[in-house]
Amino acid sequence: MANFSKSNVPQFSVDVYQNEFLPEGGREVNGIVTVTSTGGGTTGGIPLPGAAAAPGYGPGQAPSAAVVLMVDCSGSMDYPPTKMRNARDATAAAIDTLREGTRFSVVAGTHVAKGVYPGNGQLAVADARTKAQAKEALRKLSAGGGTAIGTWLRLTDRLLGAADVDIRHGILLTDGRNEHEAPEDLRAALDSCAGRFTCDARGVGTDWEVKEVTSIASALLGTADIVADPAGLAADFTQMMENAMGKEVADVALRLWTPVGVEIRFVKQVAPTVEDLTGRRTEASPRAGDYPTGSWGDESRDYHVCVLVPEAGIGQEMLAARVSLILPDPSGAGAPQVLSQGLVRAVWTDDMVASTSINPQVAHYTGQAELAQVIQQGLDARKSGDFDGATAKLGRAVQLASASGNQDTAKLLSKVVDVVDAATGTVRLKAKVAEADEMTLETRSTKTVRVKK
């Protein structure tokens with residue numbers, strides 16, 4: 001394990017958990033990489049406006065940030081009429097949570113995107129005056145028009161891209177499906193925004209498409225969730241903004257170096273949510289590639305790295321992979337900083353007990369990744385009328401959630417199936433399921449729990 005410390009930057013550490021022992025002929029090596037950032041501002045509560053700067057920062061030294069709030073103002077936001085009012089109130093609560101000096105903007109999203117505060121393609125600087133002006137502008141928001149989320153994201157990218165700041169973040173609220181642009185237009189917008197800013201996405205009510213909202217958060221390395229009752233928006237927006245204000249370093253990458261002959265099977269984030277990063281690799285050198293992790297505050301995340309090594313004889317050992325946490329030089333001219341580093345090893349042995357033992361962390365997260373997958377498969381089967389397939393997949397999900405202690409997911413599953421025996425995964429599909437319960441399960445299916453201590 002290595003550490004990196006620098007004034008005004010959180011400390012990062014990397015720990016690798018694995019069973020490095022392989023039998024003769026064994027090739028697959030798995031490691032759980034725990035990355036921990038300390039000295040940020042999210043643990044123990046976020047400093048709100050007027051409070052002390054985040055730990056590790058002196059007065060006036062908190063990281064500079066820019067945030068754009070994208071509010072769905074399409075016609076459906078008028079049904080029921082309280083939905084638009086709740087959205088305005090939630091956005092006002094988020095604005096109140098902005099740290100002094102943060103650059104910010106509010107965008108009204110319909111089939112077009114319009115900056116409603118401060119407007120003219122600008123960002124405001126958060127202080128008592130601009131916050132009051134922004135909240136006054138929110139009162140004029142009304143519902144009407146369609147939904148083209150790609151246009152909202154592109155305007156947000158232009159606004160954030162013009163800001164010389166450390167952290168760039170978006171918050172997106174929608175209540176409907178993206179019906180006024182082609183799916184490929186949204187995908188193109190996400191591709192162009194990826195790596196430029198992070199974004200949390202929320203669906204309010206039950207008339208939006210889960211896969212659209214989760215794909216936005218996934219592409220932009222943010223969080224996705226459902227707020228089934230619009231009355232809960234203000235608390236959710238406040239929490240999202242507190243988390244955004246706690247971020248202290250952006251654009252951190254997980255760099256994986258592998259020796260000649262080693263193949264990479266996958267790289268996944270597995271806690272706090274499952275996110276497959278394998279396809280997001282960008283080449284750093286002939287033997288190394290970078291996987292994006294987004295912005296960090298005071299937090300810890302787990303990653304599952306799986307590689308195939310060449311066969312070797314008993315008693316031989318090799319470095320299977322070197323995992324580094326990388327922070328690029330902001331100017332783009334210098335070499336990136338290595339924040340922390342860990343090693344994944346392979347050792348061949350004829351000790352069958354050693355070589356067949358599965359590391360507890362690897363076993364746990366393999367199960368959590370399967371849990372996310374079978375929930376999605378089960379819900380898809382249910383929607384298509386394949387009730388036998390849905391029962392089998394959701395039964396397996398109940399079994400995995402029970403075995404791993406994922407109580408939150410177990411509770412969500414119990415609203416979709418009647419659990420006969422959690423240990424064996426014996427369930428019955430419920431005849432009637434509230435749409436909000438099904439959407440909540442789907443939206444939160446990738447949330448994981450960490451290994452029991």
# chains A, B, ... in the order shown; residues from 1 in each chain; ligands from 1
$ select_by_dssp --residues "region 146-316 of chain A" --states "alpha helix (DSSP H)" --output "ChimeraX atom specification"
/A:149-161,183-193,210-219,233-245
$ residues_around --residues "Asp96 (chain A)" --least-positions-apart "4" --cutoff "12 Å" --atoms "only C-alpha atoms" --output "number ranges by chain"
A: 48-50, 89-92, 100, 102, 104, 126-135, 234, 237-239, 241-242, 245
$ residues_around --residues "Met70 (chain A)" --least-positions-apart "4" --cutoff "8 Å" --atoms "only C-alpha atoms" --output "list in words"
Val106, Val107, Ala108, Gly109, Trp152, Thr156, Gly170, Ile171, Leu172 and Leu173 of chain A
$ select_by_dssp --residues "region 259-421 of chain A" --states "strand (DSSP E or B)" --output "ChimeraX atom specification"
/A:263-271,273,275-276,282-285,288-296,299-308,317-327,337-348,417-421
$ residues_around --residues "region 420-425 of chain A" --least-positions-apart "2" --cutoff "9 Å" --atoms "only C-alpha atoms" --output "PyMOL selection string"
chain A and resi 392+394-403+418+427-428
$ atom_distance --atom1 "CA of Ala363 (chain A)" --atom2 "CA of Val274 (chain A)"
14.5 Å
$ closest_residue --among "A:Thr446, A:Leu220, A:Phe21, A:Glu283" --to "Ala271 (chain A)" --atoms "only C-alpha atoms"
A:Thr446
$ atom_distance --atom1 "CA of Asn120 (chain A)" --atom2 "CA of Glu248 (chain A)"
28.4 Å
$ residues_around --residues "Val68 (chain A)" --least-positions-apart "4" --cutoff "12 Å" --atoms "only C-alpha atoms" --output "ChimeraX atom specification"
/A:91,94-95,98,102-109,114-119,121-125,152-161,163,167-173,197-200,241,244
$ atom_distance --atom1 "CA of Ser357 (chain A)" --atom2 "CA of Ser300 (chain A)"
26.0 Å
$ residues_around --residues "region 339-355 of chain A" --least-positions-apart "2" --cutoff "9 Å" --atoms "only C-alpha atoms" --output "PyMOL selection string"
chain A and resi 1-5+11-27+29-31+33+35+305+309+312-327+337+357-358
$ residues_around --residues "Arg202 (chain A)" --least-positions-apart "6" --cutoff "8 Å" --atoms "only C-alpha atoms" --output "number ranges by chain"
A: 172-174, 213, 224-227
$ closest_residue --among "A:Arg444, A:Asp185, A:Arg177, A:Ile375" --to "Val417 (chain A)" --atoms "only C-alpha atoms"
A:Ile375
$ closest_residue --among "A:Thr443, A:Gly294, A:Ala66, A:Cys306" --to "Arg265 (chain A)" --atoms "only C-alpha atoms"
A:Cys306
$ closest_residue --among "A:Asp229, A:Asp388, A:Glu136, A:Glu28" --to "Lys83 (chain A)" --atoms "only C-alpha atoms"
A:Asp229
